[in-house]
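Here's entry-v8.txt, which has compact mmCIF, C-alpha atoms:
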```
# COMPACT_ATOMS: atom_id res chain seq x y z
CA MET A 101 32.94 -10.37 0.32
CA GLU A 102 35.72 -10.96 -2.26
CA ASN A 103 34.15 -14.26 -3.24
CA PHE A 104 30.66 -12.88 -3.14
CA GLU A 105 28.48 -14.44 -5.81
CA PRO A 106 25.11 -12.71 -5.83
CA VAL A 107 21.88 -14.62 -6.13
CA ILE A 108 19.58 -12.82 -8.53
CA VAL A 109 15.98 -13.71 -9.26
CA ALA A 110 14.66 -12.70 -12.67
CA PHE A 111 10.92 -12.81 -13.20
CA CYS A 112 10.69 -13.24 -16.96
CA CYS A 113 7.59 -12.78 -19.07
CA HIS A 114 6.81 -15.86 -21.17
CA TYR A 115 6.22 -13.74 -24.28
CA CYS A 116 9.45 -11.78 -24.29
CA ALA A 117 12.27 -12.15 -21.76
CA TYR A 118 11.83 -15.90 -21.27
CA THR A 119 11.90 -16.43 -25.03
CA ALA A 120 14.86 -14.04 -25.23
CA ALA A 121 16.65 -16.26 -22.68
CA ASP A 122 15.92 -19.19 -24.98
CA MET A 123 17.29 -17.20 -27.86
CA ALA A 124 20.43 -16.44 -25.87
CA GLY A 125 20.81 -20.18 -25.30
CA SER A 126 20.29 -21.00 -28.99
CA LYS A 127 22.93 -18.45 -29.90
CA ARG A 128 25.30 -19.99 -27.36
CA LEU A 129 25.62 -16.64 -25.59
CA CYS A 130 27.12 -16.83 -22.12
CA TYR A 131 25.54 -15.11 -19.18
CA PRO A 132 26.26 -15.42 -15.46
CA PRO A 133 24.71 -18.42 -13.69
CA ASN A 134 23.82 -16.11 -10.77
CA VAL A 135 20.53 -15.28 -12.46
CA LYS A 136 17.70 -17.66 -11.54
CA ILE A 137 14.79 -17.37 -13.93
CA VAL A 138 11.15 -17.60 -12.87
CA ARG A 139 8.84 -17.76 -15.86
CA VAL A 140 5.61 -15.78 -15.51
CA PRO A 141 2.73 -15.50 -18.02
CA CYS A 142 3.14 -11.71 -18.05
CA SER A 143 5.37 -9.32 -16.11
CA GLY A 144 2.09 -7.87 -14.79
CA LYS A 145 1.63 -11.13 -12.90
CA VAL A 146 4.55 -10.22 -10.65
CA ASP A 147 3.20 -8.72 -7.47
CA ALA A 148 5.05 -6.62 -4.91
CA ILE A 149 4.93 -9.54 -2.48
CA HIS A 150 6.80 -11.83 -4.94
CA ILE A 151 9.69 -9.36 -5.09
CA MET A 152 9.69 -8.89 -1.30
CA LYS A 153 9.61 -12.64 -0.64
CA ALA A 154 12.49 -13.25 -3.06
CA LEU A 155 14.62 -10.75 -1.12
CA GLU A 156 13.42 -11.96 2.27
CA LYS A 157 14.30 -15.54 1.37
CA GLY A 158 17.84 -14.65 0.37
CA ALA A 159 18.04 -13.07 -3.08
CA ASP A 160 20.58 -10.24 -3.38
CA GLY A 161 18.82 -8.69 -6.33
CA VAL A 162 15.59 -9.09 -8.27
CA TYR A 163 14.55 -7.94 -11.69
CA VAL A 164 11.34 -8.13 -13.61
CA ALA A 165 11.81 -8.49 -17.34
CA GLY A 166 8.78 -7.61 -19.45
CA CYS A 167 7.91 -6.63 -22.99
CA LEU A 168 8.88 -3.36 -24.64
CA GLU A 169 6.46 -0.53 -24.00
CA GLY A 170 3.38 -0.95 -26.16
CA ASP A 171 4.16 -4.61 -26.90
CA CYS A 172 2.61 -6.32 -23.87
CA HIS A 173 0.64 -9.42 -24.88
CA PHE A 174 -1.94 -8.42 -22.25
CA LYS A 175 -1.97 -4.74 -23.21
CA ASN A 176 -0.35 -3.07 -20.18
CA GLY A 177 0.99 -5.73 -17.81
CA ASN A 178 4.54 -4.41 -18.27
CA ILE A 179 3.44 -0.88 -17.30
CA GLU A 180 1.75 -2.21 -14.17
CA ALA A 181 4.87 -4.21 -13.32
CA SER A 182 7.13 -1.19 -13.65
CA LYS A 183 4.90 0.77 -11.24
CA ARG A 184 5.12 -2.04 -8.69
CA VAL A 185 8.88 -2.20 -9.06
CA ALA A 186 9.05 1.58 -8.42
CA TYR A 187 6.88 1.11 -5.30
CA ILE A 188 9.12 -1.67 -3.96
CA LYS A 189 12.25 0.38 -4.64
CA LYS A 190 10.89 3.12 -2.38
CA LEU A 191 9.88 0.66 0.33
CA LEU A 192 13.33 -0.94 0.28
CA ASP A 193 15.01 2.45 0.55
CA GLU A 194 12.78 3.15 3.56
CA ILE A 195 14.01 0.05 5.39
CA GLY A 196 17.63 0.66 4.49
CA ILE A 197 17.95 -2.03 1.83
CA ASP A 198 19.11 -0.33 -1.35
CA GLY A 199 16.20 -0.01 -3.80
CA GLU A 200 18.77 -0.37 -6.59
CA ARG A 201 18.67 -4.10 -5.92
CA VAL A 202 15.38 -4.23 -7.79
CA GLU A 203 14.96 -3.29 -11.44
CA MET A 204 12.43 -3.35 -14.24
CA ILE A 205 13.85 -4.31 -17.63
CA SER A 206 12.19 -4.30 -21.04
CA MET A 207 13.07 -6.47 -24.02
CA SER A 208 11.49 -8.31 -26.92
CA ALA A 209 11.54 -12.06 -27.61
CA GLY A 210 14.23 -11.63 -30.26
CA MET A 211 16.71 -9.82 -27.99
CA GLY A 212 18.88 -12.73 -26.90
CA GLU A 213 21.91 -10.47 -26.66
CA ARG A 214 20.04 -7.98 -24.50
CA PHE A 215 18.96 -10.79 -22.17
CA ALA A 216 22.55 -11.97 -21.74
CA GLN A 217 23.84 -8.41 -21.36
CA THR A 218 21.15 -7.56 -18.77
CA ALA A 219 22.01 -10.67 -16.75
CA ALA A 220 25.69 -9.71 -16.81
CA ASP A 221 25.03 -6.05 -15.97
CA MET A 222 22.68 -6.86 -13.12
CA THR A 223 25.11 -9.42 -11.67
CA GLU A 224 27.90 -6.85 -11.78
CA LYS A 225 25.74 -4.15 -10.22
CA ILE A 226 24.63 -6.38 -7.35
CA ARG A 227 28.19 -7.63 -6.86
CA LYS A 228 29.21 -3.99 -6.33
CA LEU A 229 26.30 -3.36 -3.94
CA GLY A 230 27.32 -6.40 -1.90
CA PRO A 231 25.14 -9.03 -0.23
CA ASN A 232 21.55 -8.25 0.69
CA PRO A 233 22.02 -6.83 4.22
CA ALA A 234 18.96 -8.69 5.51
CA LYS A 235 20.29 -12.00 4.21
CA SER A 236 23.90 -11.59 5.24
CA PHE A 237 22.99 -11.42 8.89
CA SER A 238 20.58 -14.34 8.82
CA MET A 239 23.30 -16.37 7.08
CA ASP A 240 25.81 -15.37 9.79
CA MET A 241 23.36 -16.46 12.45
CA ALA A 242 22.77 -19.77 10.68
CA SER A 243 26.52 -20.45 10.49
CA ASN A 244 26.96 -19.49 14.16
CA ASN A 245 24.28 -21.96 15.10
CA LEU A 246 26.04 -24.80 13.29
CA MET B 59 -14.96 3.94 2.69
CA ILE B 60 -12.60 4.96 5.47
CA THR B 61 -9.26 5.66 3.86
CA ALA B 62 -5.81 5.18 5.35
CA GLU B 63 -2.13 5.26 4.46
CA ARG B 64 0.73 3.25 5.85
CA LYS B 65 2.85 5.04 8.42
CA PRO B 66 6.54 5.62 7.63
CA MET B 67 8.56 2.43 8.12
CA GLU B 68 10.88 4.18 10.57
CA GLU B 69 7.98 4.84 12.94
CA LEU B 70 6.73 1.25 12.69
CA ILE B 71 10.19 -0.19 13.26
CA GLU B 72 10.71 2.01 16.33
CA CYS B 73 7.51 0.93 18.07
CA LEU B 74 8.20 -2.75 17.43
CA ARG B 75 11.83 -2.62 18.56
CA PRO B 76 11.18 -4.02 22.07
CA TYR B 77 9.34 -7.10 20.75
CA ASN B 78 10.36 -10.38 19.15
CA ARG B 79 7.00 -11.92 18.26
CA ILE B 80 4.12 -9.87 16.92
CA LEU B 81 0.76 -10.37 15.32
CA LEU B 82 0.15 -8.26 12.21
CA VAL B 83 -3.58 -7.91 11.64
CA GLY B 84 -5.22 -6.66 8.46
CA CYS B 85 -8.86 -5.89 7.75
CA ASN B 86 -10.90 -7.05 4.76
CA GLU B 87 -13.05 -3.94 4.56
CA CYS B 88 -12.23 -0.30 3.79
CA VAL B 89 -8.46 -0.55 4.16
CA THR B 90 -8.41 -3.44 1.68
CA VAL B 91 -10.27 -1.32 -0.88
CA CYS B 92 -7.92 1.65 -0.43
CA SER B 93 -4.90 -0.73 -0.53
CA ALA B 94 -3.61 0.28 2.89
CA GLY B 95 -4.23 -2.68 5.16
CA GLY B 96 -5.67 -5.72 3.43
CA ARG B 97 -4.19 -9.22 3.19
CA LYS B 98 -1.80 -8.11 0.44
CA GLU B 99 -0.48 -5.15 2.42
CA VAL B 100 -0.12 -7.35 5.51
CA GLY B 101 2.14 -9.69 3.52
CA ILE B 102 4.29 -6.86 2.18
CA LEU B 103 4.63 -5.09 5.53
CA SER B 104 5.41 -8.37 7.29
CA SER B 105 8.19 -9.03 4.82
CA ALA B 106 9.53 -5.46 5.08
CA LEU B 107 9.53 -5.51 8.89
CA GLN B 108 11.29 -8.87 9.04
CA MET B 109 13.97 -7.69 6.62
CA ALA B 110 14.41 -4.39 8.45
CA PHE B 111 15.11 -6.22 11.70
CA MET B 112 17.16 -8.98 10.05
CA LYS B 113 19.43 -6.22 8.81
CA GLU B 114 20.04 -5.22 12.42
CA GLY B 115 20.68 -8.81 13.44
CA LYS B 116 17.34 -9.45 15.05
CA THR B 117 14.71 -12.01 14.13
CA LEU B 118 11.20 -10.66 14.33
CA GLU B 119 8.58 -13.36 14.20
CA VAL B 120 5.48 -12.03 12.48
CA LYS B 121 2.19 -13.90 12.50
CA GLU B 122 -0.15 -12.60 9.82
CA MET B 123 -3.92 -12.53 10.06
CA THR B 124 -6.56 -10.60 8.15
CA LEU B 125 -9.99 -10.32 9.71
CA GLU B 126 -13.26 -9.84 7.87
CA ARG B 127 -13.90 -6.65 9.88
CA GLN B 128 -11.69 -5.38 12.65
CA CYS B 129 -14.35 -3.02 14.00
CA ASP B 130 -16.70 -5.89 14.95
CA PRO B 131 -16.12 -7.83 18.19
CA GLU B 132 -17.28 -11.10 16.53
CA TYR B 133 -14.36 -11.03 14.12
CA VAL B 134 -11.80 -9.66 16.59
CA GLU B 135 -12.58 -12.70 18.74
CA GLU B 136 -10.83 -14.82 16.06
CA LEU B 137 -7.52 -13.43 17.34
CA VAL B 138 -7.92 -15.42 20.57
CA ILE B 139 -6.14 -18.42 19.05
CA GLN B 140 -3.02 -16.37 18.24
CA ILE B 141 -2.89 -13.65 20.86
CA ASP B 142 -1.12 -15.61 23.61
CA GLN B 143 1.72 -16.52 21.28
CA VAL B 144 2.72 -12.91 20.64
CA GLU B 145 4.06 -10.00 22.67
CA ALA B 146 2.34 -7.21 20.75
CA VAL B 147 -0.15 -6.56 17.99
CA MET B 148 0.22 -4.26 15.01
CA SER B 149 -3.05 -3.42 13.28
CA MET B 150 -3.36 -2.30 9.67
CA ALA B 151 -7.02 -1.37 10.09
CA CYS B 152 -8.44 2.11 10.63
CA GLY B 153 -8.48 3.60 14.12
CA CYS B 154 -11.74 1.77 14.88
CA GLY B 155 -10.09 -1.62 14.33
CA VAL B 156 -7.04 -0.74 16.41
CA GLN B 157 -9.28 0.34 19.30
CA GLU B 158 -11.46 -2.75 19.08
CA ILE B 159 -8.37 -4.96 19.47
CA ALA B 160 -7.15 -2.80 22.38
CA ARG B 161 -10.57 -3.06 24.06
CA ARG B 162 -10.76 -6.86 23.68
CA PHE B 163 -7.17 -7.73 24.62
CA LYS B 164 -6.38 -5.47 27.54
CA THR B 165 -2.94 -6.82 28.35
CA LYS B 166 -1.49 -6.68 24.82
CA PRO B 167 0.09 -3.53 23.45
CA VAL B 168 -1.51 -2.58 20.11
CA PHE B 169 0.12 -0.31 17.55
CA PRO B 170 -1.44 1.26 14.46
CA ALA B 171 0.40 0.59 11.20
CA VAL B 172 -1.63 3.13 9.23
CA ASN B 173 -2.77 6.70 9.60
CA THR B 174 -6.54 6.82 9.19
CA GLU B 175 -7.32 9.70 6.85
CA PHE B 176 -10.92 10.39 5.80
CA MET B 177 -14.23 9.06 4.51
CA GLY B 178 -13.78 9.08 0.80
CA ALA B 179 -14.42 7.64 -2.62
CA SER B 180 -12.21 6.28 -5.40
CA GLU B 181 -11.70 8.97 -7.99
CA ARG B 182 -9.70 6.64 -10.24
CA PRO B 183 -7.43 3.65 -9.53
CA GLY B 184 -4.92 4.68 -6.89
CA VAL B 185 -6.59 8.02 -6.08
CA TRP B 186 -8.98 8.53 -3.17
CA VAL B 187 -10.70 11.79 -2.33
CA GLU B 188 -12.53 13.11 0.71
CA ARG B 189 -16.31 13.13 0.29
CA CYS B 190 -17.91 13.10 3.76
CA GLN B 191 -17.11 14.47 7.20
CA GLY B 192 -19.92 12.70 9.04
CA CYS B 193 -21.49 15.96 10.24
CA GLY B 194 -24.61 14.09 11.38
CA ASP B 195 -27.04 16.36 9.52
CA CYS B 196 -26.73 15.73 5.79
CA VAL B 197 -27.32 18.69 3.47
CA LEU B 198 -26.64 16.88 0.18
CA GLY B 199 -30.31 17.15 -0.76
CA LEU B 200 -29.98 20.94 -0.79
CA THR B 201 -26.67 21.13 -2.57
CA GLY B 202 -27.17 18.95 -5.62
CA GLY B 203 -25.41 15.92 -4.11
CA ILE B 204 -22.11 17.73 -3.55
CA CYS B 205 -21.06 18.20 0.05
CA PRO B 206 -19.98 21.73 1.02
CA ILE B 207 -18.83 20.48 4.44
CA ALA B 208 -16.35 17.93 3.11
CA ARG B 209 -15.42 19.53 -0.18
CA CYS B 210 -15.33 23.27 0.54
CA SER B 211 -12.10 24.19 2.34
CA LYS B 212 -14.05 26.65 4.52
CA ARG B 213 -17.11 24.39 4.96
CA LEU B 214 -19.26 27.26 3.74
CA LEU B 215 -22.98 26.57 3.71
CA ASN B 216 -23.65 29.52 1.42
CA GLY B 217 -20.76 29.80 -0.98
CA PRO B 218 -18.67 30.38 -2.89
CA CYS B 219 -16.27 32.69 -1.15
CA GLY B 220 -14.15 35.30 -2.91
CA GLY B 221 -11.31 32.80 -3.25
CA SER B 222 -13.04 30.78 -5.95
CA THR B 223 -11.22 31.32 -9.26
CA ASN B 224 -12.03 29.51 -12.49
CA GLY B 225 -13.72 26.77 -10.52
CA LYS B 226 -10.69 26.22 -8.27
CA CYS B 227 -10.14 26.83 -4.58
CA GLU B 228 -7.72 29.46 -3.29
CA VAL B 229 -6.30 26.96 -0.81
CA ASP B 230 -4.87 24.81 -3.60
CA PRO B 231 -5.44 25.07 -7.36
CA ASP B 232 -5.83 21.28 -7.44
CA ILE B 233 -8.93 21.52 -5.25
CA GLU B 234 -12.15 22.10 -7.10
CA CYS B 235 -14.39 24.80 -5.64
CA ALA B 236 -17.26 22.84 -4.09
CA TRP B 237 -19.65 25.75 -4.58
CA GLN B 238 -18.79 26.01 -8.27
CA LEU B 239 -19.55 22.29 -8.54
CA ILE B 240 -22.81 22.80 -6.63
CA TRP B 241 -23.85 25.66 -8.91
CA ASP B 242 -23.00 23.69 -12.07
CA ARG B 243 -24.94 20.71 -10.80
CA LEU B 244 -28.00 22.73 -9.74
CA LYS B 245 -27.98 24.41 -13.15
CA ALA B 246 -27.84 21.05 -14.92
CA LEU B 247 -30.78 19.89 -12.81
CA GLY B 248 -32.74 23.08 -13.54
CA LEU B 249 -32.77 23.88 -9.82
CA GLU B 250 -31.04 27.27 -9.88
CA ASP B 251 -33.76 28.61 -7.51
CA ARG B 252 -32.42 26.39 -4.78
CA TYR B 253 -29.10 28.25 -4.91
CA GLU B 254 -30.92 31.43 -3.94
CA GLU B 255 -32.19 29.89 -0.70
CA ASN B 256 -29.98 30.58 2.27
CA ILE B 257 -29.01 27.51 4.21
CA ALA B 258 -29.43 28.19 7.93
CA ALA B 259 -26.46 28.11 10.26
CA LYS B 260 -25.61 24.51 11.08
CA ASP B 261 -25.94 22.98 14.50
CA TRP B 262 -22.53 21.34 14.79
CA ARG B 263 -23.55 19.38 17.88
CA THR B 264 -24.73 16.59 15.57
CA GLY B 265 -21.10 16.34 14.48
CA ARG B 266 -17.99 16.29 16.62
CA GLY B 267 -19.14 19.50 18.34
CA GLY B 268 -21.27 17.41 20.68
CA GLY B 269 -18.48 15.06 21.76
CA PRO B 270 -18.13 11.37 20.79
CA ARG B 271 -21.32 10.12 19.17
CA LYS B 272 -23.34 6.95 19.56
CA ILE B 273 -26.16 5.38 17.57
CA ILE B 274 -28.69 3.21 19.38
CA ARG B 275 -31.23 1.18 17.43
CA GLU B 276 -33.62 -0.05 20.14
CA ASP B 277 -35.02 -2.83 17.93
CA LEU B 278 -31.55 -4.32 17.48
CA VAL B 279 -30.13 -3.81 20.96
CA LYS B 280 -29.47 -7.01 22.92
```
As structure tokens, please, write out the structure in this file.
Amino acid sequence: MENFEPVIVAFCCHYCAYTAADMAGSKRLCYPPNVKIVRVPCSGKVDAIHIMKALEKGADGVYVAGCLEGDCHFKNGNIEASKRVAYIKKLLDEIGIDGERVEMISMSAGMGERFAQTAADMTEKIRKLGPNPAKSFSMDMASNNL
Amino acid sequence: MITAERKPMEELIECLRPYNRILLVGCNECVTVCSAGGRKEVGILSSALQMAFMKEGKTLEVKEMTLERQCDPEYVEELVIQIDQVEAVMSMACGCGVQEIARRFKTKPVFPAVNTEFMGASERPGVWVERCQGCGDCVLGLTGGICPIARCSKRLLNGPCGGSTNGKCEVDPDIECAWQLIWDRLKALGLEDRYEENIAAKDWRTGRGGGPRKIIREDLVK
């Protein structure tokens, strides 16, 4: 637990958060390597099943990063994404896996600092929450089987 | 469509606790349209169930299948290839689908994953409302296409009652008074005279009052 390094999956919209990640890179901003980026054409492309599968397959936290409200390239994909995230949060709470492990974040393409800060904040938050309880047991079982 | 809603996860987890391998079966018809038990919902529930058990240190193997129609024996037959590999079945279809699986596979326990609610229509994305109670003797032709059986809280055939206020029902201000809607519609159609006609007391035997119902079309029976 002391050496726990969370695995975080970030679904990043091509038009904002992914470009913001690029911006963070260009500005030589550091952010934790725990965050694994999956580029999507719009945050609205991220379905509930993508978030669930990420957690089921071992992620400790997941966030969907989309455009600022009113700025979606596809009109309202970010709004749809935030509703799905809210739905998954409730479902996770129901099965005893903290819904706080999943978040919806908004940013524009120029917000390199916000991207780096979000990655750091999310890593810290998940570190405090501890490993995904579903994963930790399956990992224990795998190591016992070795 | 027949509408449904997923049962609380706690209830689903409890009934699957004794099993290690299950078949989770969705249906491509009504429950897909009302987002309760289609292929997508099967995937999400499968994932949630596996995680819920993983958390407790148990591996639940979930096979996923979504049938074209779970209420038709032809499609339920497709489960034959999977059924022997599992200990139990969880169905995300309406009650008809669950019962069809139970009828076909007599030795497998079958559990419903959803609560079947009502025959309804989509009011707007994400909102479904009750529109029909299958009374077996449709009166929509008399009531301007608005059903007093399904949409009036008291099922009045000659309404409204004294609880109708500003077009809303006394049971809940969110419910529109069906008889207000009927009057407005008849007025728009220029059929106010029809409102004056008393609708005779209904013979409820055509509905559930006569016990479980059956339809037989002799020309189609084999």
Query raised in the report: Once you count all atoms listed in the file, which residues of chain A turn out to be within 6 Å of chain B? Could you give them as a VMD selection string?
Result: chain A and resid 149 195 233 to 234 237
Query raised in the report: If you measure from atom CA of Ile80 of chain B to atom CA of Glu132 of chain B, what distance in Å do you get, rounded to one decimal?
Result: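 Result for atom CA of Ile80 of chain B versus atom CA of Glu132 of chain B: 21.4 Å, one decimal.
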Query raised in the report: Can you list, as a PyMOL selection string, every protein, DNA or RNA residue that comes within 10 Å of Cys116 of chain A when you count only C-alpha atoms, leaving out same-chain residues fewer than 2 positions away?
Result: chain A and resi 112-114+118-122+141-143+165-168+171-173+206-212+215
Query - Distance in Å - atom CA of Arg214 of chain A versus atom CA of Val140 of chain A - result: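 Between these atoms lies a distance of 18.7 Å.
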**Report entry** Residue nearest Ala208 of chain B among B:Val185, B:Ala236, B:Leu125, B:Leu137 (counting only C-alpha atoms)
**Finding:**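 Closest residue, counting only C-alpha atoms: B:Ala236.
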Report task. Rounded to one decimal place, report the atom CA of Ala94 of chain B-atom CA of Ser211 of chain B distance in Å. Result -> 25.4 Å
**Report entry** Spatial neighbours of Arg266 of chain B, 12 Å, all atoms listed in the file, chain gap at least 3 places, as an NGL selection string
**Finding:** :B and (191-195 or 261-263 or 269-272)
Query raised in the report: Could you list as a count of residues only every residue that has an atom within 12 Å of (9.8, -5.1, -5.7), using the file's coordinates and counting only C-alpha atoms?
Result: 43
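Shortest separation to Tyr133 of chain B among B:Gly84, B:Gly268, B:Gly202, B:Pro231 occurs at residue B:Gly84, atoms counted being only C-alpha atoms.
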Report task. Name the residues in contact with Gly158 of chain A at a cut-off of 8 Å, using all atoms listed in the file, excluding same-chain residues fewer than 5 positions from it; report them as a list in words. Result ->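 The residues satisfying every condition are Val107, Asn232, Ala234 and Lys235 of chain A.
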Atoms to include: C-alpha atoms. Write the selected residues as a compact mmCIF listing (two decimals), in the frame of the given file.
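The result, written out as again.txt:
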```txt
# COMPACT_ATOMS: atom_id res chain seq x y z
CA VAL A 107 21.88 -14.62 -6.13
CA ASN A 232 21.55 -8.25 0.69
CA ALA A 234 18.96 -8.69 5.51
CA LYS A 235 20.29 -12.00 4.21
```
